[in-house]
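Shown below: structure-v1.pdb, with PDB, C-alpha atoms.
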```pdb
ATOM      1  CA  MET A   1     104.426-149.560 204.381  1.00  0.00           C
ATOM      2  CA  SER A   2     102.307-146.448 203.819  1.00  0.00           C
ATOM      3  CA  HIS A   3     102.685-143.394 206.027  1.00  0.00           C
ATOM      4  CA  ILE A   4      99.009-143.765 206.984  1.00  0.00           C
ATOM      5  CA  LYS A   5      99.609-147.296 208.304  1.00  0.00           C
ATOM      6  CA  THR A   6     102.785-146.124 210.066  1.00  0.00           C
ATOM      7  CA  GLY A   7     100.825-143.293 211.683  1.00  0.00           C
ATOM      8  CA  GLN A   8      98.108-145.686 212.825  1.00  0.00           C
ATOM      9  CA  ILE A   9     100.680-148.015 214.378  1.00  0.00           C
ATOM     10  CA  GLY A  10     102.287-145.006 216.091  1.00  0.00           C
ATOM     11  CA  GLU A  11      98.944-143.955 217.544  1.00  0.00           C
ATOM     12  CA  ASP A  12      98.308-147.513 218.755  1.00  0.00           C
ATOM     13  CA  LEU A  13     101.746-147.548 220.422  1.00  0.00           C
ATOM     14  CA  ALA A  14     101.087-144.148 222.009  1.00  0.00           C
ATOM     15  CA  CYS A  15      97.742-145.368 223.388  1.00  0.00           C
ATOM     16  CA  GLU A  16      99.403-148.394 224.957  1.00  0.00           C
ATOM     17  CA  TYR A  17     102.171-146.205 226.358  1.00  0.00           C
ATOM     18  CA  ILE A  18      99.835-143.785 228.107  1.00  0.00           C
ATOM     19  CA  LYS A  19      97.416-146.510 229.262  1.00  0.00           C
ATOM     20  CA  ASN A  20     100.375-148.158 230.996  1.00  0.00           C
ATOM     21  CA  LYS A  21     100.945-144.837 232.798  1.00  0.00           C
ATOM     22  CA  GLY A  22      97.351-144.742 234.065  1.00  0.00           C
ATOM     23  CA  TYR A  23      95.743-142.539 231.412  1.00  0.00           C
ATOM     24  CA  LYS A  24      92.221-143.260 230.187  1.00  0.00           C
ATOM     25  CA  ILE A  25      91.598-142.973 226.443  1.00  0.00           C
ATOM     26  CA  ILE A  26      88.479-140.910 225.732  1.00  0.00           C
ATOM     27  CA  GLU A  27      88.550-140.607 221.956  1.00  0.00           C
ATOM     28  CA  ARG A  28      90.809-141.128 218.959  1.00  0.00           C
ATOM     29  CA  ASN A  29      91.024-139.278 215.656  1.00  0.00           C
ATOM     30  CA  HIS A  30      88.570-136.514 216.512  1.00  0.00           C
ATOM     31  CA  ARG A  31      88.166-134.557 213.286  1.00  0.00           C
ATOM     32  CA  GLN A  32      87.093-131.024 212.576  1.00  0.00           C
ATOM     33  CA  LYS A  33      87.199-129.560 209.095  1.00  0.00           C
ATOM     34  CA  TRP A  34      90.312-127.553 210.028  1.00  0.00           C
ATOM     35  CA  GLY A  35      92.157-130.116 212.154  1.00  0.00           C
ATOM     36  CA  GLU A  36      92.348-133.437 213.917  1.00  0.00           C
ATOM     37  CA  LEU A  37      93.124-134.511 217.468  1.00  0.00           C
ATOM     38  CA  ASP A  38      94.988-137.828 217.424  1.00  0.00           C
ATOM     39  CA  ILE A  39      94.208-138.952 220.969  1.00  0.00           C
ATOM     40  CA  ILE A  40      92.103-137.394 223.708  1.00  0.00           C
ATOM     41  CA  ALA A  41      92.733-138.832 227.159  1.00  0.00           C
ATOM     42  CA  ALA A  42      92.371-138.174 230.864  1.00  0.00           C
ATOM     43  CA  ALA A  43      95.628-138.151 232.816  1.00  0.00           C
ATOM     44  CA  PRO A  44      95.763-139.827 236.231  1.00  0.00           C
ATOM     45  CA  ASN A  45      95.511-136.347 237.820  1.00  0.00           C
ATOM     46  CA  LYS A  46      92.312-135.743 235.745  1.00  0.00           C
ATOM     47  CA  THR A  47      93.899-133.225 233.334  1.00  0.00           C
ATOM     48  CA  LEU A  48      92.343-133.469 229.868  1.00  0.00           C
ATOM     49  CA  ILE A  49      95.128-134.430 227.445  1.00  0.00           C
ATOM     50  CA  PHE A  50      95.244-133.805 223.713  1.00  0.00           C
ATOM     51  CA  LEU A  51      98.012-136.083 222.504  1.00  0.00           C
ATOM     52  CA  GLU A  52      99.641-135.405 219.163  1.00  0.00           C
ATOM     53  CA  VAL A  53     101.534-138.406 217.765  1.00  0.00           C
ATOM     54  CA  LYS A  54     104.416-138.154 215.309  1.00  0.00           C
ATOM     55  CA  THR A  55     105.888-141.414 214.031  1.00  0.00           C
ATOM     56  CA  LEU A  56     108.872-142.120 211.771  1.00  0.00           C
ATOM     57  CA  THR A  57     110.320-145.385 210.568  1.00  0.00           C
ATOM     58  CA  ASN A  58     113.571-144.049 209.182  1.00  0.00           C
ATOM     59  CA  PRO A  59     115.755-141.988 211.509  1.00  0.00           C
ATOM     60  CA  ASN A  60     118.013-140.953 208.630  1.00  0.00           C
ATOM     61  CA  PHE A  61     115.262-139.328 206.574  1.00  0.00           C
ATOM     62  CA  ALA A  62     116.693-135.840 206.045  1.00  0.00           C
ATOM     63  CA  GLY A  63     118.207-136.056 209.526  1.00  0.00           C
ATOM     64  CA  LEU A  64     114.855-135.308 211.150  1.00  0.00           C
ATOM     65  CA  LYS A  65     113.384-136.821 214.289  1.00  0.00           C
ATOM     66  CA  PRO A  66     109.642-137.382 214.784  1.00  0.00           C
ATOM     67  CA  GLU A  67     109.555-134.309 217.045  1.00  0.00           C
ATOM     68  CA  ASP A  68     110.725-132.151 214.142  1.00  0.00           C
ATOM     69  CA  HIS A  69     107.522-132.859 212.232  1.00  0.00           C
ATOM     70  CA  LEU A  70     105.419-130.778 214.626  1.00  0.00           C
ATOM     71  CA  THR A  71     105.853-127.385 213.016  1.00  0.00           C
ATOM     72  CA  GLY A  72     104.728-124.091 214.487  1.00  0.00           C
ATOM     73  CA  SER A  73     101.767-123.857 212.118  1.00  0.00           C
ATOM     74  CA  LYS A  74     100.697-127.428 212.935  1.00  0.00           C
ATOM     75  CA  LEU A  75     100.930-126.641 216.650  1.00  0.00           C
ATOM     76  CA  GLU A  76      98.792-123.510 216.247  1.00  0.00           C
ATOM     77  CA  LYS A  77      96.123-125.501 214.375  1.00  0.00           C
ATOM     78  CA  LEU A  78      96.293-128.182 217.074  1.00  0.00           C
ATOM     79  CA  LYS A  79      95.851-125.558 219.812  1.00  0.00           C
ATOM     80  CA  ARG A  80      92.780-124.097 218.101  1.00  0.00           C
ATOM     81  CA  THR A  81      91.227-127.539 217.628  1.00  0.00           C
ATOM     82  CA  ALA A  82      91.944-128.540 221.244  1.00  0.00           C
ATOM     83  CA  GLU A  83      90.559-125.266 222.584  1.00  0.00           C
ATOM     84  CA  LEU A  84      87.318-125.690 220.654  1.00  0.00           C
ATOM     85  CA  TYR A  85      86.975-129.304 221.861  1.00  0.00           C
ATOM     86  CA  ALA A  86      87.634-128.255 225.476  1.00  0.00           C
ATOM     87  CA  ASN A  87      85.137-125.388 225.263  1.00  0.00           C
ATOM     88  CA  ASN A  88      82.463-127.696 223.834  1.00  0.00           C
ATOM     89  CA  ASN A  89      83.163-130.417 226.431  1.00  0.00           C
ATOM     90  CA  ALA A  90      83.708-128.392 229.607  1.00  0.00           C
ATOM     91  CA  ALA A  91      82.278-131.208 231.761  1.00  0.00           C
ATOM     92  CA  MET A  92      85.325-133.339 230.851  1.00  0.00           C
ATOM     93  CA  ILE A  93      87.645-130.917 232.607  1.00  0.00           C
ATOM     94  CA  LYS A  94      87.795-132.182 236.168  1.00  0.00           C
ATOM     95  CA  ASP A  95      88.860-130.453 239.370  1.00  0.00           C
ATOM     96  CA  LYS A  96      89.822-127.279 237.498  1.00  0.00           C
ATOM     97  CA  ARG A  97      92.905-129.084 236.176  1.00  0.00           C
ATOM     98  CA  GLY A  98      92.359-127.697 232.705  1.00  0.00           C
ATOM     99  CA  TRP A  99      93.769-129.237 229.580  1.00  0.00           C
ATOM    100  CA  GLN A 100      97.099-129.537 227.871  1.00  0.00           C
ATOM    101  CA  ILE A 101      98.696-130.709 224.659  1.00  0.00           C
ATOM    102  CA  ASP A 102     101.288-133.480 224.863  1.00  0.00           C
ATOM    103  CA  LEU A 103     103.465-134.964 222.131  1.00  0.00           C
ATOM    104  CA  ALA A 104     104.442-138.595 221.631  1.00  0.00           C
ATOM    105  CA  ALA A 105     107.378-138.823 219.213  1.00  0.00           C
ATOM    106  CA  ILE A 106     107.820-142.424 218.112  1.00  0.00           C
ATOM    107  CA  LEU A 107     110.753-143.851 216.193  1.00  0.00           C
ATOM    108  CA  ILE A 108     110.290-147.318 214.737  1.00  0.00           C
ATOM    109  CA  PRO A 109     113.526-148.899 213.470  1.00  0.00           C
ATOM    110  CA  ILE A 110     113.404-149.341 209.715  1.00  0.00           C
ATOM    111  CA  ASP A 111     114.424-153.002 209.924  1.00  0.00           C
ATOM    112  CA  VAL A 112     111.729-154.091 212.405  1.00  0.00           C
ATOM    113  CA  ASN A 113     108.787-156.181 211.225  1.00  0.00           C
ATOM    114  CA  MET A 114     105.760-153.862 211.433  1.00  0.00           C
ATOM    115  CA  GLU A 115     103.453-156.904 211.406  1.00  0.00           C
ATOM    116  CA  LEU A 116     104.580-157.930 214.900  1.00  0.00           C
ATOM    117  CA  PRO A 117     101.967-157.833 217.651  1.00  0.00           C
ATOM    118  CA  LEU A 118     101.775-154.325 219.101  1.00  0.00           C
ATOM    119  CA  LYS A 119     103.268-155.232 222.467  1.00  0.00           C
ATOM    120  CA  GLU A 120     106.262-156.900 220.826  1.00  0.00           C
ATOM    121  CA  LEU A 121     106.678-154.125 218.267  1.00  0.00           C
ATOM    122  CA  GLY A 122     106.744-151.604 221.094  1.00  0.00           C
ATOM    123  CA  THR A 123     109.849-153.202 222.590  1.00  0.00           C
ATOM    124  CA  PHE A 124     111.820-152.134 219.499  1.00  0.00           C
ATOM    125  CA  CYS A 125     110.542-148.558 219.378  1.00  0.00           C
ATOM    126  CA  ARG A 126     111.710-145.383 221.053  1.00  0.00           C
ATOM    127  CA  ILE A 127     108.951-143.203 222.457  1.00  0.00           C
ATOM    128  CA  ASN A 128     109.801-139.704 223.620  1.00  0.00           C
ATOM    129  CA  TYR A 129     106.897-138.195 225.534  1.00  0.00           C
ATOM    130  CA  TYR A 130     106.662-134.440 226.011  1.00  0.00           C
ATOM    131  CA  GLU A 131     104.080-132.990 228.408  1.00  0.00           C
ATOM    132  CA  ASN A 132     102.330-129.658 228.073  1.00  0.00           C
ATOM    133  CA  ILE A 133     104.013-128.502 224.895  1.00  0.00           C
TER     134      ILE A 133
END
```

Turn this file's structure into structure tokens for me.
Amino acid sequence: MSHIKTGQIGEDLACEYIKNKGYKIIERNHRQKWGELDIIAAAPNKTLIFLEVKTLTNPNFAGLKPEDHLTGSKLEKLKRTAELYANNNAAMIKDKRGWQIDLAAILIPIDVNMELPLKELGTFCRINYYENI
């Protein structure tokens, strides 16, 4: 399966994960010429969330975890993109809660059928969620 398809499945899993925790999805795949925001959501406490999703299907690939794929330079680009979005959409920031960047690191076992329905596929995956990175 292509890394693009894997990434899309990871983003779908992340959306389901945060929706189950009471988050409201605002937008997906917001693109600027210098960066992209995977998922923009409102947390239950009204904080504006920019969720970066990193997905891997093979835990043995160079010994890296999904979290390891968010490099310092990628995080800086993500911060700049999120800051611009927040500044251009100030009305979305409720109750002076501000905004934050979260990370969903998703590991899909290599032997799982990626064609399973999302809910079923999610039972085989490990999602590590990091707030306010």

Discussion item. Under the PyMOL selection byres ((chain A and resi 128) around 6), which residues of this model are included? Write them out as a ChimeraX atom specification.
Written reply: /A:104-105,127,129

Worksheet item: Applied to the shown file, which residues does the PyMOL selection byres ((chain A and resi 73-90) around 10) return, written as a ChimeraX atom specification?
Response: /A:30-38,40,48-52,69-72,91-94,98-101,133

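For the atom pair formed by atom CA of A:Ile26 and atom CA of A:Ala43, the distance is 10.4 Å, given to one decimal.
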
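Between atom CA of A:Gln8 and atom CA of A:Leu103 there is a distance of 15.2 Å.
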
Practice prompt. Compare A:Asp102, A:Glu16, A:Asp111, A:Glu27 by their minimum atom-to-atom distance to A:Thr57, counting only C-alpha atoms, and give me the closest one.
Written response: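 Closest to A:Thr57, using only C-alpha atoms: A:Asp111.
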
Practice prompt. For atom CA of A:Pro44 and atom CA of A:Leu116, determine how far apart the two atoms are, in Å to one decimal place.
Written response: 29.3 Å

Worksheet item: Once the PyMOL selection byres ((chain A and resi 11) around 9) has been applied to the shown file, what residues remain in the selection, as an MDAnalysis selection string?
Response: chainID A and resid 6:10 12:16 28 38:39 52:55 104

Practice prompt. Would you kindly identify which residues have an atom no farther than 10 Å from (111.7, -151.2, 218.1), using only C-alpha atoms and the file's own coordinates, and write them out as number ranges by chain?
Written response: A: 57, 106-114, 120-127

Fill in: Among listed residues A:Ile4, A:Glu67, A:Lys96, A:Ile25, nearest A:Asn45 (using all atoms listed in the file)
A:Lys96
